[in-house]
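Participant: Quick one, structure_31.cif (mmCIF, C-alpha atoms and all ligand atoms):
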```
data_structure
loop_
_atom_site.label_atom_id
_atom_site.label_comp_id
_atom_site.auth_asym_id
_atom_site.auth_seq_id
_atom_site.Cartn_x
_atom_site.Cartn_y
_atom_site.Cartn_z
CA MET A 2 105.22 72.21 96.86
CA SER A 3 102.72 74.28 94.88
CA ILE A 4 102.45 77.98 95.57
CA GLN A 5 98.84 77.47 96.69
CA LYS A 6 100.16 75.52 99.66
CA ARG A 7 102.59 78.24 100.78
CA VAL A 8 101.85 80.02 104.04
CA ALA A 9 103.07 83.57 104.67
CA LEU A 10 103.11 85.35 108.04
CA VAL A 11 102.80 89.13 107.81
CA THR A 12 103.25 91.23 110.96
CA GLY A 13 101.49 94.56 111.43
CA ALA A 14 99.08 93.43 108.73
CA SER A 15 95.89 95.28 109.67
CA ARG A 16 96.55 98.52 107.80
CA GLY A 17 98.94 100.46 105.59
CA ILE A 18 101.85 98.67 103.96
CA GLY A 19 101.25 95.42 105.90
CA ARG A 20 97.67 95.25 104.68
CA ALA A 21 98.75 95.83 101.06
CA ILE A 22 101.44 93.14 101.39
CA ALA A 23 98.92 90.69 102.84
CA LEU A 24 96.41 91.31 100.07
CA GLY A 25 99.18 91.13 97.45
CA LEU A 26 100.29 87.72 98.74
CA ALA A 27 96.67 86.52 98.97
CA ALA A 28 96.17 87.50 95.33
CA ARG A 29 99.25 85.44 94.45
CA GLY A 30 97.79 82.31 96.09
CA TYR A 31 99.37 82.31 99.53
CA ASP A 32 97.58 81.18 102.65
CA LEU A 33 98.08 83.84 105.30
CA VAL A 34 98.77 84.33 108.96
CA LEU A 35 97.98 87.96 109.71
CA ASN A 36 99.39 89.53 112.86
CA ASP A 37 98.79 92.79 114.64
CA ILE A 38 98.39 94.05 118.19
CA ALA A 39 95.10 93.33 119.98
CA ALA A 40 94.08 97.00 119.75
CA GLN A 41 93.86 96.55 115.96
CA GLN A 42 91.46 93.59 116.27
CA THR A 43 88.59 95.12 114.25
CA VAL A 44 90.79 96.44 111.45
CA LEU A 45 92.74 93.18 111.27
CA ALA A 46 89.47 91.25 110.94
CA GLU A 47 88.47 93.52 108.01
CA THR A 48 91.79 92.87 106.27
CA ALA A 49 91.38 89.12 106.85
CA THR A 50 87.90 89.20 105.32
CA GLU A 51 89.24 90.98 102.25
CA ALA A 52 92.15 88.53 101.94
CA ARG A 53 89.76 85.54 102.09
CA ARG A 54 88.09 86.79 98.90
CA HIS A 55 91.15 85.42 97.07
CA GLY A 56 90.19 81.91 98.20
CA GLY A 57 93.05 81.02 100.54
CA ARG A 58 93.04 80.25 104.24
CA VAL A 59 93.57 83.26 106.49
CA LEU A 60 94.35 83.11 110.20
CA SER A 61 94.47 86.29 112.32
CA LEU A 62 96.65 86.26 115.43
CA HIS A 63 97.22 89.07 117.89
CA ALA A 64 100.70 89.49 119.31
CA ASP A 65 103.05 92.31 120.21
CA VAL A 66 106.15 91.49 118.14
CA SER A 67 108.39 92.98 120.83
CA ASN A 68 107.16 90.41 123.37
CA LYS A 69 109.03 87.11 123.09
CA ALA A 70 106.37 84.98 124.82
CA GLN A 71 103.62 86.39 122.58
CA VAL A 72 105.71 85.86 119.44
CA GLN A 73 106.55 82.27 120.36
CA ALA A 74 102.87 81.54 121.10
CA MET A 75 101.81 83.16 117.81
CA VAL A 76 104.21 81.08 115.73
CA ALA A 77 103.24 77.87 117.55
CA GLU A 78 99.54 78.59 116.97
CA ALA A 79 100.18 79.46 113.32
CA VAL A 80 102.01 76.19 112.70
CA ALA A 81 99.36 74.20 114.60
CA GLN A 82 96.55 75.66 112.51
CA MET A 83 98.22 76.19 109.11
CA GLY A 84 100.73 73.32 109.07
CA SER A 85 103.80 75.42 108.30
CA ILE A 86 105.17 78.89 107.60
CA HIS A 87 107.13 79.34 104.38
CA ALA A 88 107.51 83.11 104.23
CA VAL A 89 107.70 85.79 106.91
CA VAL A 90 107.30 89.51 106.30
CA ASN A 91 108.46 91.55 109.28
CA ASN A 92 106.46 94.69 108.62
CA ALA A 93 105.24 95.79 112.08
CA GLY A 94 106.81 99.07 113.03
CA ILE A 95 106.32 102.43 114.71
CA LEU A 96 107.66 105.94 114.26
CA ARG A 97 107.66 108.46 117.12
CA ALA A 98 109.18 111.72 115.97
CA SER A 99 111.54 113.67 118.21
CA ASP A 100 114.83 115.46 117.84
CA VAL A 101 117.76 113.76 119.53
CA GLU A 102 118.24 116.34 122.29
CA SER A 103 114.72 116.03 123.66
CA CYS A 104 113.98 112.42 122.68
CA PRO A 105 112.48 110.61 125.69
CA GLU A 106 114.29 107.40 126.53
CA GLU A 107 110.94 105.64 126.18
CA TYR A 108 110.72 106.69 122.50
CA TRP A 109 114.15 105.18 121.82
CA ASP A 110 113.26 101.96 123.67
CA SER A 111 109.83 101.41 122.09
CA VAL A 112 111.03 102.15 118.55
CA MET A 113 114.04 99.84 118.92
CA ASP A 114 111.91 97.17 120.65
CA ILE A 115 109.22 96.98 117.97
CA ASN A 116 111.21 97.76 114.80
CA ALA A 117 114.49 95.98 115.54
CA LYS A 118 113.93 93.49 118.38
CA GLY A 119 110.49 92.54 117.00
CA THR A 120 112.10 91.51 113.71
CA PHE A 121 114.71 89.45 115.57
CA LEU A 122 112.11 87.74 117.80
CA VAL A 123 109.86 86.71 114.92
CA VAL A 124 112.81 85.40 112.91
CA GLN A 125 114.11 83.49 115.94
CA ALA A 126 110.70 81.88 116.44
CA VAL A 127 110.35 80.65 112.83
CA LEU A 128 113.94 79.53 112.21
CA PRO A 129 113.72 76.01 113.74
CA LEU A 130 110.75 75.26 111.48
CA MET A 131 112.30 76.80 108.37
CA LYS A 132 115.58 74.99 108.93
CA ALA A 133 113.79 71.66 109.46
CA GLN A 134 111.84 72.08 106.22
CA ARG A 135 114.97 73.45 104.50
CA TYR A 136 112.97 76.26 102.99
CA GLY A 137 112.16 79.80 104.02
CA ARG A 138 111.72 83.33 102.76
CA ILE A 139 112.31 86.17 105.19
CA CYS A 140 111.52 89.72 104.06
CA ASN A 141 112.22 92.49 106.56
CA ILE A 142 110.71 95.93 106.07
CA SER A 143 113.41 98.48 106.79
CA SER A 144 113.26 102.03 105.39
CA ILE A 145 115.26 104.48 103.30
CA GLY A 146 115.20 106.33 106.65
CA GLY A 147 117.69 103.71 107.84
CA LYS A 148 120.12 104.85 105.14
CA HIS A 149 120.11 108.63 105.39
CA GLY A 150 117.04 109.47 107.49
CA ALA A 151 115.47 112.80 108.29
CA PRO A 152 115.55 115.16 111.27
CA GLU A 153 113.50 114.02 114.29
CA GLN A 154 113.87 110.39 113.22
CA ALA A 155 117.34 109.45 114.49
CA HIS A 156 116.05 106.64 116.73
CA TYR A 157 113.81 105.37 113.91
CA SER A 158 116.74 105.52 111.51
CA ALA A 159 118.87 103.56 114.00
CA SER A 160 116.19 100.87 114.33
CA LYS A 161 115.89 100.47 110.55
CA ALA A 162 119.67 100.40 110.06
CA ALA A 163 119.69 97.65 112.70
CA VAL A 164 117.20 95.65 110.62
CA MET A 165 119.50 95.91 107.57
CA GLY A 166 122.59 94.79 109.49
CA PHE A 167 120.65 91.97 111.12
CA THR A 168 119.38 90.78 107.73
CA ARG A 169 122.84 90.73 106.11
CA VAL A 170 124.23 88.44 108.81
CA LEU A 171 121.05 86.36 109.02
CA ALA A 172 121.31 85.65 105.29
CA GLN A 173 124.77 84.16 105.80
CA GLU A 174 123.65 81.98 108.72
CA VAL A 175 120.53 80.54 107.09
CA GLY A 176 121.54 80.33 103.41
CA PRO A 177 122.77 76.73 103.65
CA PHE A 178 119.28 75.72 104.82
CA GLY A 179 117.55 77.04 101.72
CA ILE A 180 116.38 80.16 103.51
CA THR A 181 116.76 83.65 102.05
CA ALA A 182 116.64 86.90 104.01
CA ASN A 183 116.25 90.28 102.34
CA CYS A 184 115.18 93.83 103.17
CA ILE A 185 112.79 96.21 101.52
CA CYS A 186 113.33 99.92 102.12
CA PRO A 187 110.13 101.82 101.38
CA GLY A 188 110.42 105.51 100.66
CA ILE A 189 107.61 107.93 101.43
CA ILE A 190 104.39 105.93 101.39
CA LEU A 191 100.92 107.30 102.11
CA THR A 192 99.82 105.46 105.27
CA ASP A 193 98.90 106.50 108.81
CA MET A 194 102.61 106.44 109.61
CA GLY A 195 103.64 108.13 106.36
CA ARG A 196 101.34 111.07 107.13
CA VAL A 197 103.99 112.29 109.60
CA ASN A 198 105.92 113.31 106.49
CA LEU A 199 102.95 114.27 104.35
CA ASP A 200 100.30 116.23 106.28
CA ASP A 201 102.02 119.54 105.57
CA PRO A 202 101.63 120.17 101.77
CA SER A 203 104.98 121.93 101.55
CA ILE A 204 106.73 118.88 103.04
CA SER A 205 104.70 116.52 100.87
CA ASN A 206 105.59 118.48 97.73
CA ALA A 207 109.25 118.54 98.72
CA TRP A 208 109.23 114.72 99.04
CA LYS A 209 107.49 114.40 95.66
CA ALA A 210 110.18 116.55 94.10
CA LYS A 211 112.85 114.23 95.52
CA THR A 212 111.45 111.16 93.75
CA ALA A 213 112.32 110.32 90.16
CA MET A 214 108.67 109.29 89.71
CA ALA A 215 107.42 112.68 90.97
CA ARG A 216 104.89 111.14 93.34
CA ILE A 217 104.31 109.78 96.82
CA GLY A 218 104.09 106.00 97.06
CA ASP A 219 100.96 103.95 97.75
CA PRO A 220 101.08 100.90 100.05
CA GLU A 221 100.38 98.72 97.00
CA ASP A 222 103.69 99.90 95.48
CA VAL A 223 105.49 97.88 98.15
CA ALA A 224 103.51 94.64 97.75
CA GLY A 225 105.04 93.42 94.47
CA PRO A 226 108.70 93.69 95.52
CA VAL A 227 107.86 91.94 98.81
CA ALA A 228 106.10 89.16 96.89
CA PHE A 229 109.26 88.74 94.79
CA PHE A 230 111.36 88.20 97.92
CA CYS A 231 108.73 85.72 99.21
CA SER A 232 108.71 83.73 95.97
CA ASP A 233 110.92 81.20 94.24
CA ASP A 234 111.82 83.82 91.64
CA SER A 235 114.26 85.19 94.25
CA ALA A 236 115.72 81.77 95.21
CA PHE A 237 119.33 82.97 94.64
CA VAL A 238 118.88 86.49 96.01
CA THR A 239 119.76 86.95 99.67
CA GLY A 240 121.26 89.52 102.02
CA GLN A 241 119.98 92.29 99.74
CA THR A 242 118.29 95.60 100.41
CA LEU A 243 115.90 96.94 97.79
CA ASN A 244 114.72 100.55 97.82
CA VAL A 245 111.05 100.88 96.91
CA ASP A 246 110.92 104.66 96.91
CA GLY A 247 110.11 105.88 93.39
CA GLY A 248 113.75 106.85 93.00
CA ILE A 249 114.73 108.95 96.02
CA VAL A 250 117.84 106.94 96.88
CA LEU A 251 119.57 106.08 93.61
CA SER A 252 122.20 103.38 93.61
N1 LIG A 301 104.81 104.74 105.46
C1 LIG A 301 106.07 105.00 105.12
O1 LIG A 301 106.36 106.06 104.51
C2 LIG A 301 107.17 104.03 105.46
C3 LIG A 301 108.44 104.27 104.92
C4 LIG A 301 109.47 103.40 105.19
C5 LIG A 301 109.24 102.27 105.98
N2 LIG A 301 108.02 102.06 106.50
C6 LIG A 301 107.84 100.86 107.32
O2 LIG A 301 106.80 100.06 106.80
C7 LIG A 301 106.18 99.34 107.87
C8 LIG A 301 104.68 99.59 107.83
O3 LIG A 301 104.46 100.98 108.02
P1 LIG A 301 103.08 101.71 107.69
O4 LIG A 301 103.42 102.98 107.04
O5 LIG A 301 102.14 100.78 107.04
O6 LIG A 301 102.63 102.07 109.19
P2 LIG A 301 101.24 101.94 109.94
O7 LIG A 301 101.40 102.65 111.23
O8 LIG A 301 100.12 102.33 109.04
O9 LIG A 301 101.13 100.36 110.19
C9 LIG A 301 101.99 99.70 111.09
C10 LIG A 301 101.27 98.47 111.61
O10 LIG A 301 102.14 97.82 112.56
C11 LIG A 301 101.36 97.49 113.69
N3 LIG A 301 102.18 97.38 114.89
C12 LIG A 301 102.74 98.40 115.60
N4 LIG A 301 103.37 97.92 116.67
C13 LIG A 301 103.19 96.58 116.66
C14 LIG A 301 103.62 95.53 117.50
N5 LIG A 301 104.33 95.79 118.61
N6 LIG A 301 103.28 94.27 117.19
C15 LIG A 301 102.55 93.99 116.08
N7 LIG A 301 102.13 94.96 115.23
C16 LIG A 301 102.45 96.22 115.51
C17 LIG A 301 100.36 98.63 113.80
O11 LIG A 301 99.27 98.30 114.64
C18 LIG A 301 99.99 98.85 112.36
O12 LIG A 301 98.94 98.01 111.95
C19 LIG A 301 106.85 99.82 109.15
O13 LIG A 301 107.87 98.91 109.53
C20 LIG A 301 107.45 101.15 108.75
O14 LIG A 301 108.54 101.51 109.56
C21 LIG A 301 106.97 102.91 106.26
#
```
Would you put the structure from the file into structure tokens?
Ligand SMILES: NC(=O)c1ccc[n+]([C@@H]2O[C@H](COP(=O)([O-])OP(=O)(O)OC[C@H]3O[C@@H](n4cnc5c(N)ncnc54)[C@H](O)[C@@H]3O)[C@@H](O)[C@H]2O)c1

Facilitator:
Amino acid sequence: MSIQKRVALVTGASRGIGRAIALGLAARGYDLVLNDIAAQQTVLAETATEARRHGGRVLSLHADVSNKAQVQAMVAEAVAQMGSIHAVVNNAGILRASDVESCPEEYWDSVMDINAKGTFLVVQAVLPLMKAQRYGRICNISSIGGKHGAPEQAHYSASKAAVMGFTRVLAQEVGPFGITANCICPGIILTDMGRVNLDDPSISNAWKAKTAMARIGDPEDVAGPVAFFCSDDSAFVTGQTLNVDGGIVLS
């Protein structure tokens, strides 16, 4: 199977880190299935147009990753139109800041539903296909926030820790089928979501000071490590969590 024939599904692909991952995979020769919610239709179409400049096939599909019926329909449509899915990047996610004491139950539920359950639902939908073809690359976008976190992000931290635990067990279940499952933990990355941490210059400067690289990350900083986990270069790497944070969490 040549790399040109590989198909990657990227969720939450219209903007930010998902967009950079999609364009990074397109540049490396992947055909793409780009997902986002229907409200992102225009932005997703722009990302798809940019990805097509690399010459591969690009299919855009709207689905809420926390909705099982929509996820199942998306994966079925992707396989019908693209022939297969070889790599999945579970990138879709939300952050709704609140301290624990006043956190509305709805914040907890929506953050867990999209970040944690959404990852599970997409993986569950692609596994029969990946097992049958005895090949798959699953890359789940967690966060360094799932390791130590920050105030007002306890529910977010819980959802990202869930993704890491899920991935470690998934790797053990699917390894014998030639499928790898790994996590990327971005640090502070300048996106619409990342601005929560960055709009206030004093907070932004404090984050910069915490990185070994002395800078905030760009979405493109995440694309290369994700491409590694989607490629055959990582064929014997599974159940791992890689910090892509410019050196905030050192291990
Ligand atoms: N930006 C950071 O500093 C940072 C740090 C660590 C981890 N992350 C993680 O990286 C991922 C991407 O974050 P980002 O910064 O690019 O955020 P973003 O808000 O810019 O992009 C998130 C994308 O996910 C989509 N999305 C949201 N809910 C969805 C759903 N139910 N179904 C499908 N798509 C949905 C959004 O529409 C959006 O396009 C997230 O999982 C986030 O938690 C981000």

Participant: Choose the residue, out of A:His149, A:Arg135, A:Arg53, A:Arg20, that has the smallest atom-to-atom separation from ligand LIG 301 (chain A); count all atoms listed in the file.

Facilitator: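 Going through A:His149, A:Arg135, A:Arg53, A:Arg20 one by one, the smallest distance to ligand LIG 301 (chain A) is for A:Arg20.
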
Participant: Please give the centre and size of the box around ligand LIG 301 (chain A) (axis-aligned, containing every atom listed in the file, 3 Å added per side), with values in Å to one decimal and written as AutoDock Vina command-line options.

Facilitator:
```
--center_x 104.2 --center_y 100.0 --center_z 111.6 --size_x 16.5 --size_y 18.1 --size_z 20.1
```

Participant: Mind listing whatever residues come within 12 Å of the point (100.9, 106.4, 103.9)? Use only C-alpha atoms, file coordinates, and give them as a PyMOL selection string.

Facilitator: chain A and resi 16-21+187-200+205+217-223

Participant: Out of A:Ala159, A:Cys186, A:Ala228, A:Ala133, which residue has the shortest atom-to-atom distance to Gly30 (chain A) when counting only C-alpha atoms?

Facilitator: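 Ranking A:Ala159, A:Cys186, A:Ala228, A:Ala133 by distance to Gly30 (chain A), first place goes to A:Ala228.
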
Participant: Tell me, in Å to one decimal, how far CA of Ala210 (chain A) is from CA of Ile249 (chain A).

Facilitator: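 Going from CA of Ala210 (chain A) over to CA of Ile249 (chain A) covers 9.1 Å.
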
Participant: So which one's closest to ligand LIG 301 (chain A), A:Glu47, A:Asp246, A:Asp234, A:Glu107? Using only C-alpha atoms and all ligand atoms, please.

Facilitator: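 Residue with the minimum atom-to-atom distance to ligand LIG 301 (chain A): A:Asp246.
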
Participant: What is the distance, in Å and to one decimal place, between CA of Asp65 (chain A) and CA of Phe178 (chain A)?

Facilitator: 27.8 Å

Participant: Return the single residue from A:Ala23, A:Ala70, A:Ala28, A:Ile145 that is closest to ligand LIG 301 (chain A), with distances computed using only C-alpha atoms and all ligand atoms.

Facilitator: A:Ile145

Participant: Rounded to one decimal in Å, what is the spacing between CA of His156 (chain A) and CA of Trp109 (chain A)?

Facilitator: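 Spanning CA of His156 (chain A) to CA of Trp109 (chain A) is a straight-line distance of 5.6 Å.
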
Participant: Would you list the contacts of Ser160 (chain A) as a short mmCIF file (atom, residue, chain, number, x, y, z; two decimals) with C-alpha atoms, keeping the file's coordinate frame, taking every protein, DNA or RNA residue within 6 Å and counting all atoms listed in the file, but skipping same-chain residues closer than 5 positions in sequence?

Facilitator:
```
data_model
loop_
_atom_site.label_atom_id
_atom_site.label_comp_id
_atom_site.auth_asym_id
_atom_site.auth_seq_id
_atom_site.Cartn_x
_atom_site.Cartn_y
_atom_site.Cartn_z
CA MET A 113 114.04 99.84 118.92
CA ASN A 116 111.21 97.76 114.80
CA ALA A 117 114.49 95.98 115.54
#
```

Participant: Name the closest residue to Arg29 (chain A) among the candidates A:Ala46, A:Gly56, A:Lys118, A:Arg138; distances are taken between atoms, counting only C-alpha atoms.

Facilitator: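 Ranked by minimum distance to Arg29 (chain A), first place goes to A:Gly56.
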
Participant: Determine the nearest neighbour of ligand LIG 301 (chain A) from the options A:Met83, A:Val44, A:Ala93, A:Leu251, counting only C-alpha atoms and all ligand atoms.

Facilitator: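 The answer is A:Ala93, which sits nearest to ligand LIG 301 (chain A).
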
Participant: Name all residues at most 7 Å from Asn92 (chain A) (count only C-alpha atoms; drop same-chain ones fewer than 2 positions away) and give them as an MDAnalysis selection string.

Facilitator: chainID A and resid 11:13 19 90 94 141:142

Participant: The residues within 9 Å of (109.0, 85.5, 116.7), using all atoms listed in the file and the coordinates of the file, should be reported as JSON, numbers by chain; which are they?

Facilitator: {"A": [66, 67, 68, 69, 70, 71, 72, 73, 74, 75, 76, 119, 120, 121, 122, 123, 124, 125, 126, 127, 128]}

Participant: Could you name the residues that touch Met214 (chain A) at 8 Å or less, counting all atoms listed in the file, but leaving out those on the same chain fewer than 4 positions away, as a PyMOL selection string?

Facilitator: chain A and resi 209+247-248

Participant: List the neighbours of Ser61 (chain A) out to 7 Å using all atoms listed in the file; skip same-chain residues closer than 3 positions along the sequence, and give me the result as a ChimeraX atom specification.

Facilitator: /A:34-36,49
